[in-house]
Amino acid sequence: MLQQWLSNCSYLLVAAFSIQFLLSTHASNQISVDEDLKHLIGRCESQSAGAEFDECMRQVFNDLRAYFPTGVEHYNIKPFDPHYSPFVEARRGDSNGLGGFKLILRNVSEYGWSRSEVTKFHSEPEEQRIVYAQYFPEKSLEGYYEFAAKMLGKEMRRKGFWNLTLYDYSQTTSVRRVGEPGSLLKVHVEVDRIGGMELHIGDLLKGQPLNQLADGVINSMWQLGLPFLKPIINELVSTAFTDIFNESFRYFPLEKFLSKS
């Protein structure tokens, strides 16, 4: 009986020490994250304005790339490499009318953020807005699509898997808060440059040979269609980023980490 009691006690002690170790590890990790954010963001003085503050924040954005694959769980910041969007929709007119369409993207994952670089940063405190330019040597996206349109009097419906890789790519992102701290964020993204592109759209045409032909035509002639595609890309990315930024950054306490001196 004594031996069994000692054995049970030993298990309890091991469990207690394990729990204590996990709690202390979590606490120390949280402190280290806060200290790291304070070290990185605290270099920028909130009272300063203009080019000095903007250049400081540009460097901070690039230094924070180490957190892109992991996010910051305590502040509800989701991973950004890849980052994930469950649903994005774009519409033009009536999908049953001439020239109208509906495009839905589901379960979209986007890769390449850890290798990106913020090249310009501009803050507008009075407008509660920041604008930054970002360069990606390579960015890739994948997910599922649903497309509906009416062309030449015939209804067209397609769905399937798609993937897209962009090379030598740059974009400008504008983030504006529409009210008091904690209010919604509005994000607008503009494509600045696409140096190269590879796109695959599954089941776009019936039959594997025709799909391969469609991929070949799209990837050899995408530059001609870019003036038409660019507004749609801007709309899709802006919609997705508005959701992502509100989920991850709407309540982030930036002032907590900025230097007040």
# chains A, B, ... in the order shown; residues from 1 in each chain; ligands from 1

call {"tool": "residues_around", "arguments": {"residues": "Ala240 of chain A", "least_positions_apart": "6", "cutoff": "12 Å", "atoms": "only C-alpha atoms", "output": "list in words"}}
result
His83, Tyr84, Ser85, Pro86, Phe87, Val88, Glu89, Ala90, Ile104, Leu105, Arg106, Asn107, Val108, Ser109, Glu110, Lys186, Val187, His188, Val189, Ile233, Asn234, Asn246 and Glu247 of chain A

call {"tool": "write_last_selection", "arguments": {"atoms": "N, CA, C and O atoms", "output": "mmCIF file, in the first residue's frame"}}
result
data_model
loop_
_atom_site.group_PDB
_atom_site.id
_atom_site.type_symbol
_atom_site.label_atom_id
_atom_site.label_comp_id
_atom_site.auth_asym_id
_atom_site.auth_seq_id
_atom_site.Cartn_x
_atom_site.Cartn_y
_atom_site.Cartn_z
ATOM 1 N N HIS A 83 -0.336 33.096 -45.677
ATOM 2 C CA HIS A 83 -1.557 33.567 -45.033
ATOM 3 C C HIS A 83 -2.744 33.029 -45.822
ATOM 4 O O HIS A 83 -2.635 32.645 -46.991
ATOM 5 N N TYR A 84 -3.862 32.978 -45.161
ATOM 6 C CA TYR A 84 -4.989 32.177 -45.621
ATOM 7 C C TYR A 84 -6.254 33.018 -45.672
ATOM 8 O O TYR A 84 -6.519 33.805 -44.766
ATOM 9 N N SER A 85 -7.014 32.848 -46.733
ATOM 10 C CA SER A 85 -8.306 33.516 -46.862
ATOM 11 C C SER A 85 -9.349 32.469 -47.281
ATOM 12 O O SER A 85 -9.187 31.828 -48.326
ATOM 13 N N PRO A 86 -10.391 32.279 -46.493
ATOM 14 C CA PRO A 86 -11.354 31.218 -46.810
ATOM 15 C C PRO A 86 -12.285 31.547 -47.974
ATOM 16 O O PRO A 86 -12.781 30.635 -48.637
ATOM 17 N N PHE A 87 -12.515 32.853 -48.234
ATOM 18 C CA PHE A 87 -13.529 33.205 -49.232
ATOM 19 C C PHE A 87 -13.276 34.618 -49.747
ATOM 20 O O PHE A 87 -13.146 35.557 -48.962
ATOM 21 N N VAL A 88 -13.174 34.766 -51.063
ATOM 22 C CA VAL A 88 -13.044 36.073 -51.712
ATOM 23 C C VAL A 88 -13.938 36.058 -52.939
ATOM 24 O O VAL A 88 -13.962 35.076 -53.691
ATOM 25 N N GLU A 89 -14.657 37.164 -53.168
ATOM 26 C CA GLU A 89 -15.603 37.209 -54.280
ATOM 27 C C GLU A 89 -15.439 38.496 -55.076
ATOM 28 O O GLU A 89 -15.213 39.565 -54.516
ATOM 29 N N ALA A 90 -15.554 38.375 -56.391
ATOM 30 C CA ALA A 90 -15.581 39.541 -57.289
ATOM 31 C C ALA A 90 -16.741 39.379 -58.255
ATOM 32 O O ALA A 90 -16.991 38.286 -58.776
ATOM 33 N N ILE A 104 -15.585 33.418 -57.499
ATOM 34 C CA ILE A 104 -15.403 33.126 -56.077
ATOM 35 C C ILE A 104 -14.123 32.314 -55.910
ATOM 36 O O ILE A 104 -13.913 31.316 -56.625
ATOM 37 N N LEU A 105 -13.280 32.756 -55.005
ATOM 38 C CA LEU A 105 -12.068 32.010 -54.651
ATOM 39 C C LEU A 105 -12.232 31.484 -53.232
ATOM 40 O O LEU A 105 -12.615 32.229 -52.326
ATOM 41 N N ARG A 106 -11.933 30.209 -53.043
ATOM 42 C CA ARG A 106 -12.077 29.586 -51.725
ATOM 43 C C ARG A 106 -10.749 28.983 -51.271
ATOM 44 O O ARG A 106 -9.962 28.504 -52.076
ATOM 45 N N ASN A 107 -10.541 29.026 -49.939
ATOM 46 C CA ASN A 107 -9.379 28.376 -49.308
ATOM 47 C C ASN A 107 -8.070 28.773 -49.997
ATOM 48 O O ASN A 107 -7.288 27.923 -50.425
ATOM 49 N N VAL A 108 -7.866 30.087 -50.088
ATOM 50 C CA VAL A 108 -6.686 30.615 -50.775
ATOM 51 C C VAL A 108 -5.507 30.708 -49.806
ATOM 52 O O VAL A 108 -5.621 31.292 -48.725
ATOM 53 N N SER A 109 -4.380 30.140 -50.198
ATOM 54 C CA SER A 109 -3.131 30.271 -49.441
ATOM 55 C C SER A 109 -2.135 31.053 -50.286
ATOM 56 O O SER A 109 -2.023 30.834 -51.494
ATOM 57 N N GLU A 110 -1.418 31.974 -49.635
ATOM 58 C CA GLU A 110 -0.469 32.836 -50.346
ATOM 59 C C GLU A 110 0.900 32.721 -49.679
ATOM 60 O O GLU A 110 1.032 32.862 -48.461
ATOM 61 N N LYS A 186 -9.663 49.577 -43.258
ATOM 62 C CA LYS A 186 -9.985 49.463 -44.676
ATOM 63 C C LYS A 186 -8.681 49.373 -45.451
ATOM 64 O O LYS A 186 -7.804 50.239 -45.305
ATOM 65 N N VAL A 187 -8.544 48.321 -46.248
ATOM 66 C CA VAL A 187 -7.299 48.067 -46.961
ATOM 67 C C VAL A 187 -7.542 48.140 -48.466
ATOM 68 O O VAL A 187 -8.525 47.599 -48.976
ATOM 69 N N HIS A 188 -6.638 48.833 -49.162
ATOM 70 C CA HIS A 188 -6.685 48.870 -50.627
ATOM 71 C C HIS A 188 -5.302 48.523 -51.160
ATOM 72 O O HIS A 188 -4.293 49.079 -50.711
ATOM 73 N N VAL A 189 -5.263 47.603 -52.101
ATOM 74 C CA VAL A 189 -4.003 47.139 -52.682
ATOM 75 C C VAL A 189 -3.996 47.438 -54.174
ATOM 76 O O VAL A 189 -4.978 47.172 -54.878
ATOM 77 N N ILE A 233 -7.737 41.911 -59.995
ATOM 78 C CA ILE A 233 -6.741 41.485 -59.001
ATOM 79 C C ILE A 233 -6.731 42.452 -57.821
ATOM 80 O O ILE A 233 -6.726 42.044 -56.653
ATOM 81 N N ASN A 234 -6.738 43.765 -58.118
ATOM 82 C CA ASN A 234 -6.756 44.765 -57.039
ATOM 83 C C ASN A 234 -7.965 44.572 -56.132
ATOM 84 O O ASN A 234 -7.860 44.642 -54.899
ATOM 85 N N ASN A 246 -8.191 43.100 -40.487
ATOM 86 C CA ASN A 246 -9.109 43.304 -39.373
ATOM 87 C C ASN A 246 -9.020 42.161 -38.369
ATOM 88 O O ASN A 246 -9.091 42.370 -37.159
ATOM 89 N N GLU A 247 -8.846 40.948 -38.862
ATOM 90 C CA GLU A 247 -8.740 39.808 -37.969
ATOM 91 C C GLU A 247 -7.458 39.850 -37.148
ATOM 92 O O GLU A 247 -7.462 39.527 -35.958
#

call {"tool": "residues_around", "arguments": {"residues": "segment 162-170 of chain A", "least_positions_apart": "5", "cutoff": "8 Å", "atoms": "only C-alpha atoms", "output": "PyMOL selection string"}}
result
chain A and resi 133-145+191-202

call {"tool": "write_last_selection", "arguments": {"atoms": "N, CA, C and O atoms", "output": "JSON list (two decimals), in the first residue's frame"}}
result
[["chain", "number", "residue", "atom", "x", "y", "z"],
["A", 133, "ALA", "N", 4.91, 50.47, -49.93],
["A", 133, "ALA", "CA", 5.20, 49.71, -51.14],
["A", 133, "ALA", "C", 6.01, 48.48, -50.75],
["A", 133, "ALA", "O", 6.87, 48.55, -49.87],
["A", 134, "GLN", "N", 5.72, 47.37, -51.40],
["A", 134, "GLN", "CA", 6.33, 46.09, -51.03],
["A", 134, "GLN", "C", 6.75, 45.34, -52.28],
["A", 134, "GLN", "O", 6.00, 45.27, -53.27],
["A", 135, "TYR", "N", 7.95, 44.75, -52.22],
["A", 135, "TYR", "CA", 8.51, 44.02, -53.36],
["A", 135, "TYR", "C", 8.62, 42.53, -53.01],
["A", 135, "TYR", "O", 9.08, 42.18, -51.93],
["A", 136, "PHE", "N", 8.20, 41.67, -53.94],
["A", 136, "PHE", "CA", 8.29, 40.22, -53.78],
["A", 136, "PHE", "C", 9.11, 39.65, -54.94],
["A", 136, "PHE", "O", 8.70, 39.79, -56.09],
["A", 137, "PRO", "N", 10.24, 39.02, -54.66],
["A", 137, "PRO", "CA", 10.94, 38.32, -55.75],
["A", 137, "PRO", "C", 10.06, 37.25, -56.38],
["A", 137, "PRO", "O", 10.06, 37.04, -57.58],
["A", 138, "GLU", "N", 9.27, 36.58, -55.51],
["A", 138, "GLU", "CA", 8.35, 35.55, -55.97],
["A", 138, "GLU", "C", 7.20, 35.44, -54.99],
["A", 138, "GLU", "O", 7.40, 35.39, -53.78],
["A", 139, "LYS", "N", 5.99, 35.41, -55.51],
["A", 139, "LYS", "CA", 4.79, 35.23, -54.69],
["A", 139, "LYS", "C", 3.92, 34.18, -55.37],
["A", 139, "LYS", "O", 3.71, 34.23, -56.58],
["A", 140, "SER", "N", 3.42, 33.23, -54.59],
["A", 140, "SER", "CA", 2.57, 32.19, -55.17],
["A", 140, "SER", "C", 1.28, 32.06, -54.38],
["A", 140, "SER", "O", 1.25, 32.28, -53.16],
["A", 141, "LEU", "N", 0.21, 31.73, -55.09],
["A", 141, "LEU", "CA", -1.10, 31.57, -54.50],
["A", 141, "LEU", "C", -1.74, 30.30, -55.05],
["A", 141, "LEU", "O", -1.47, 29.90, -56.19],
["A", 142, "GLU", "N", -2.61, 29.70, -54.25],
["A", 142, "GLU", "CA", -3.34, 28.53, -54.71],
["A", 142, "GLU", "C", -4.65, 28.40, -53.96],
["A", 142, "GLU", "O", -4.79, 28.91, -52.85],
["A", 143, "GLY", "N", -5.62, 27.73, -54.58],
["A", 143, "GLY", "CA", -6.91, 27.54, -53.95],
["A", 143, "GLY", "C", -7.90, 26.96, -54.95],
["A", 143, "GLY", "O", -7.51, 26.35, -55.96],
["A", 144, "TYR", "N", -9.16, 27.17, -54.68],
["A", 144, "TYR", "CA", -10.23, 26.66, -55.53],
["A", 144, "TYR", "C", -11.08, 27.84, -56.02],
["A", 144, "TYR", "O", -11.25, 28.82, -55.31],
["A", 145, "TYR", "N", -11.60, 27.71, -57.24],
["A", 145, "TYR", "CA", -12.38, 28.80, -57.83],
["A", 145, "TYR", "C", -13.74, 28.29, -58.28],
["A", 145, "TYR", "O", -13.93, 27.11, -58.59],
["A", 191, "VAL", "N", -1.66, 46.76, -57.64],
["A", 191, "VAL", "CA", -0.53, 46.10, -58.28],
["A", 191, "VAL", "C", 0.31, 47.15, -59.00],
["A", 191, "VAL", "O", -0.21, 47.92, -59.81],
["A", 192, "ASP", "N", 1.60, 47.19, -58.71],
["A", 192, "ASP", "CA", 2.49, 48.15, -59.36],
["A", 192, "ASP", "C", 3.22, 47.52, -60.55],
["A", 192, "ASP", "O", 3.38, 48.14, -61.60],
["A", 193, "ARG", "N", 3.69, 46.29, -60.34],
["A", 193, "ARG", "CA", 4.50, 45.65, -61.40],
["A", 193, "ARG", "C", 4.40, 44.13, -61.29],
["A", 193, "ARG", "O", 4.40, 43.58, -60.19],
["A", 194, "ILE", "N", 4.32, 43.49, -62.44],
["A", 194, "ILE", "CA", 4.45, 42.03, -62.52],
["A", 194, "ILE", "C", 5.50, 41.74, -63.58],
["A", 194, "ILE", "O", 5.29, 42.00, -64.77],
["A", 195, "GLY", "N", 6.63, 41.20, -63.15],
["A", 195, "GLY", "CA", 7.70, 40.90, -64.10],
["A", 195, "GLY", "C", 7.48, 39.62, -64.86],
["A", 195, "GLY", "O", 7.90, 39.47, -66.01],
["A", 196, "GLY", "N", 6.83, 38.65, -64.22],
["A", 196, "GLY", "CA", 6.55, 37.37, -64.87],
["A", 196, "GLY", "C", 5.40, 36.68, -64.15],
["A", 196, "GLY", "O", 5.13, 36.93, -62.97],
["A", 197, "MET", "N", 4.73, 35.78, -64.86],
["A", 197, "MET", "CA", 3.56, 35.12, -64.28],
["A", 197, "MET", "C", 3.39, 33.74, -64.86],
["A", 197, "MET", "O", 3.60, 33.52, -66.06],
["A", 198, "GLU", "N", 3.01, 32.79, -63.99],
["A", 198, "GLU", "CA", 2.60, 31.45, -64.42],
["A", 198, "GLU", "C", 1.27, 31.15, -63.75],
["A", 198, "GLU", "O", 1.15, 31.23, -62.53],
["A", 199, "LEU", "N", 0.26, 30.80, -64.56],
["A", 199, "LEU", "CA", -1.09, 30.58, -64.06],
["A", 199, "LEU", "C", -1.62, 29.25, -64.58],
["A", 199, "LEU", "O", -1.50, 28.95, -65.77],
["A", 200, "HIS", "N", -2.21, 28.49, -63.70],
["A", 200, "HIS", "CA", -2.92, 27.27, -64.09],
["A", 200, "HIS", "C", -4.33, 27.34, -63.54],
["A", 200, "HIS", "O", -4.54, 27.60, -62.35],
["A", 201, "ILE", "N", -5.31, 27.11, -64.40],
["A", 201, "ILE", "CA", -6.72, 27.11, -64.01],
["A", 201, "ILE", "C", -7.30, 25.75, -64.38],
["A", 201, "ILE", "O", -7.49, 25.44, -65.56],
["A", 202, "GLY", "N", -7.55, 24.92, -63.39],
["A", 202, "GLY", "CA", -8.06, 23.59, -63.64],
["A", 202, "GLY", "C", -9.48, 23.61, -64.17],
["A", 202, "GLY", "O", -10.30, 24.43, -63.76]]

call {"tool": "atom_distance", "arguments": {"atom1": "atom CA of Val33 of chain A", "atom2": "atom CA of Cys56 of chain A"}}
result
19.7 Å

call {"tool": "residues_around", "arguments": {"residues": "His122 of chain A", "least_positions_apart": "6", "cutoff": "6 Å", "atoms": "only C-alpha atoms", "output": "PyMOL selection string"}}
result
chain A and resi 54+130-131

call {"tool": "write_last_selection", "arguments": {"atoms": "all heavy atoms", "output": "tab-separated table (two decimals), in the first residue's frame"}}
result
chain	number	residue	atom	x	y	z
A	54	ASP	N	8.90	57.63	-40.79
A	54	ASP	CA	8.53	56.73	-41.87
A	54	ASP	C	9.66	55.75	-42.20
A	54	ASP	O	9.42	54.56	-42.42
A	54	ASP	CB	8.15	57.52	-43.12
A	54	ASP	CG	6.82	58.27	-42.94
A	54	ASP	OD1	6.12	57.99	-41.96
A	54	ASP	OD2	6.52	59.13	-43.80
A	130	ILE	N	-1.74	54.54	-43.27
A	130	ILE	CA	-0.37	54.29	-43.69
A	130	ILE	C	-0.40	53.74	-45.11
A	130	ILE	O	-1.37	53.07	-45.51
A	130	ILE	CB	0.37	53.30	-42.76
A	130	ILE	CG1	-0.33	51.93	-42.77
A	130	ILE	CG2	0.48	53.85	-41.35
A	130	ILE	CD1	0.45	50.84	-42.06
A	131	VAL	N	0.64	54.05	-45.88
A	131	VAL	CA	0.76	53.57	-47.24
A	131	VAL	C	2.18	53.02	-47.39
A	131	VAL	O	3.14	53.70	-47.05
A	131	VAL	CB	0.52	54.69	-48.27
A	131	VAL	CG1	0.64	54.13	-49.69
A	131	VAL	CG2	-0.84	55.33	-48.07

call {"tool": "closest_residue", "arguments": {"among": "A:Ile77, A:Ala66, A:Leu213, A:Leu205", "to": "Phe252 of chain A", "atoms": "only C-alpha atoms"}}
result
A:Ile77

call {"tool": "atom_distance", "arguments": {"atom1": "atom CA of Asp215 of chain A", "atom2": "atom CA of Met151 of chain A"}}
result
19.9 Å

call {"tool": "residues_around", "arguments": {"residues": "Lys78 of chain A", "least_positions_apart": "6", "cutoff": "9 Å", "atoms": "only C-alpha atoms", "output": "PDB file with all heavy atoms, in the first residue's frame"}}
result
ATOM      1  N   PHE A  68       6.454  36.358 -39.612  1.00  0.00           N
ATOM      2  CA  PHE A  68       5.487  36.029 -40.660  1.00  0.00           C
ATOM      3  C   PHE A  68       5.083  34.546 -40.657  1.00  0.00           C
ATOM      4  O   PHE A  68       3.904  34.237 -40.810  1.00  0.00           O
ATOM      5  CB  PHE A  68       6.034  36.414 -42.033  1.00  0.00           C
ATOM      6  CG  PHE A  68       5.976  37.898 -42.315  1.00  0.00           C
ATOM      7  CD1 PHE A  68       5.468  38.787 -41.382  1.00  0.00           C
ATOM      8  CD2 PHE A  68       6.427  38.403 -43.520  1.00  0.00           C
ATOM      9  CE1 PHE A  68       5.412  40.153 -41.646  1.00  0.00           C
ATOM     10  CE2 PHE A  68       6.375  39.761 -43.796  1.00  0.00           C
ATOM     11  CZ  PHE A  68       5.870  40.630 -42.853  1.00  0.00           C
ATOM     12  N   PRO A  69       6.033  33.597 -40.499  1.00  0.00           N
ATOM     13  CA  PRO A  69       5.614  32.186 -40.535  1.00  0.00           C
ATOM     14  C   PRO A  69       4.841  31.747 -39.295  1.00  0.00           C
ATOM     15  O   PRO A  69       4.100  30.768 -39.347  1.00  0.00           O
ATOM     16  CB  PRO A  69       6.947  31.420 -40.644  1.00  0.00           C
ATOM     17  CG  PRO A  69       7.950  32.430 -41.091  1.00  0.00           C
ATOM     18  CD  PRO A  69       7.497  33.728 -40.490  1.00  0.00           C
ATOM     19  N   THR A  70       5.011  32.452 -38.175  1.00  0.00           N
ATOM     20  CA  THR A  70       4.417  31.995 -36.918  1.00  0.00           C
ATOM     21  C   THR A  70       3.239  32.834 -36.453  1.00  0.00           C
ATOM     22  O   THR A  70       2.357  32.330 -35.747  1.00  0.00           O
ATOM     23  CB  THR A  70       5.477  32.014 -35.800  1.00  0.00           C
ATOM     24  OG1 THR A  70       5.928  33.371 -35.579  1.00  0.00           O
ATOM     25  CG2 THR A  70       6.670  31.144 -36.167  1.00  0.00           C
ATOM     26  N   GLY A  71       3.211  34.121 -36.828  1.00  0.00           N
ATOM     27  CA  GLY A  71       2.235  35.031 -36.252  1.00  0.00           C
ATOM     28  C   GLY A  71       2.599  35.322 -34.800  1.00  0.00           C
ATOM     29  O   GLY A  71       3.659  34.912 -34.299  1.00  0.00           O
ATOM     30  N   VAL A  72       1.719  36.036 -34.098  1.00  0.00           N
ATOM     31  CA  VAL A  72       1.901  36.317 -32.666  1.00  0.00           C
ATOM     32  C   VAL A  72       0.585  35.953 -31.990  1.00  0.00           C
ATOM     33  O   VAL A  72      -0.373  36.730 -32.002  1.00  0.00           O
ATOM     34  CB  VAL A  72       2.259  37.799 -32.413  1.00  0.00           C
ATOM     35  CG1 VAL A  72       2.516  38.027 -30.928  1.00  0.00           C
ATOM     36  CG2 VAL A  72       3.478  38.212 -33.239  1.00  0.00           C
ATOM     37  N   TYR A  84      -3.862  32.978 -45.161  1.00  0.00           N
ATOM     38  CA  TYR A  84      -4.989  32.177 -45.621  1.00  0.00           C
ATOM     39  C   TYR A  84      -6.254  33.018 -45.672  1.00  0.00           C
ATOM     40  O   TYR A  84      -6.519  33.805 -44.766  1.00  0.00           O
ATOM     41  CB  TYR A  84      -5.174  30.999 -44.665  1.00  0.00           C
ATOM     42  CG  TYR A  84      -6.399  30.158 -44.913  1.00  0.00           C
ATOM     43  CD1 TYR A  84      -6.417  29.207 -45.925  1.00  0.00           C
ATOM     44  CD2 TYR A  84      -7.536  30.305 -44.126  1.00  0.00           C
ATOM     45  CE1 TYR A  84      -7.543  28.419 -46.154  1.00  0.00           C
ATOM     46  CE2 TYR A  84      -8.660  29.523 -44.346  1.00  0.00           C
ATOM     47  CZ  TYR A  84      -8.657  28.583 -45.361  1.00  0.00           C
ATOM     48  OH  TYR A  84      -9.770  27.819 -45.572  1.00  0.00           O
ATOM     49  N   ILE A 244      -8.297  40.041 -43.594  1.00  0.00           N
ATOM     50  CA  ILE A 244      -7.116  39.538 -42.888  1.00  0.00           C
ATOM     51  C   ILE A 244      -6.587  40.569 -41.899  1.00  0.00           C
ATOM     52  O   ILE A 244      -6.266  40.255 -40.746  1.00  0.00           O
ATOM     53  CB  ILE A 244      -6.025  39.141 -43.899  1.00  0.00           C
ATOM     54  CG1 ILE A 244      -6.471  37.903 -44.692  1.00  0.00           C
ATOM     55  CG2 ILE A 244      -4.699  38.876 -43.200  1.00  0.00           C
ATOM     56  CD1 ILE A 244      -5.622  37.631 -45.909  1.00  0.00           C
ATOM     57  N   GLU A 247      -8.846  40.948 -38.862  1.00  0.00           N
ATOM     58  CA  GLU A 247      -8.740  39.808 -37.969  1.00  0.00           C
ATOM     59  C   GLU A 247      -7.458  39.850 -37.148  1.00  0.00           C
ATOM     60  O   GLU A 247      -7.462  39.527 -35.958  1.00  0.00           O
ATOM     61  CB  GLU A 247      -8.797  38.504 -38.780  1.00  0.00           C
ATOM     62  CG  GLU A 247      -8.792  37.257 -37.913  1.00  0.00           C
ATOM     63  CD  GLU A 247      -8.896  35.988 -38.736  1.00  0.00           C
ATOM     64  OE1 GLU A 247      -8.685  36.045 -39.976  1.00  0.00           O
ATOM     65  OE2 GLU A 247      -9.180  34.938 -38.147  1.00  0.00           O
ATOM     66  N   SER A 248      -6.360  40.287 -37.753  1.00  0.00           N
ATOM     67  CA  SER A 248      -5.061  40.207 -37.081  1.00  0.00           C
ATOM     68  C   SER A 248      -4.615  41.511 -36.420  1.00  0.00           C
ATOM     69  O   SER A 248      -3.916  41.472 -35.407  1.00  0.00           O
ATOM     70  CB  SER A 248      -3.981  39.769 -38.086  1.00  0.00           C
ATOM     71  OG  SER A 248      -4.132  38.413 -38.442  1.00  0.00           O
TER      72      SER A 248
END

call {"tool": "select_by_dssp", "arguments": {"residues": "segment 36-193 of chain A", "states": "strand (DSSP E or B)", "output": "VMD selection string"}}
result
chain A and resid 45 72 77 83 to 92 98 101 to 111 117 to 124 129 to 151 154 to 177 185 to 193

call {"tool": "atom_distance", "arguments": {"atom1": "atom CA of Ala214 of chain A", "atom2": "atom CA of Glu235 of chain A"}}
result
24.0 Å
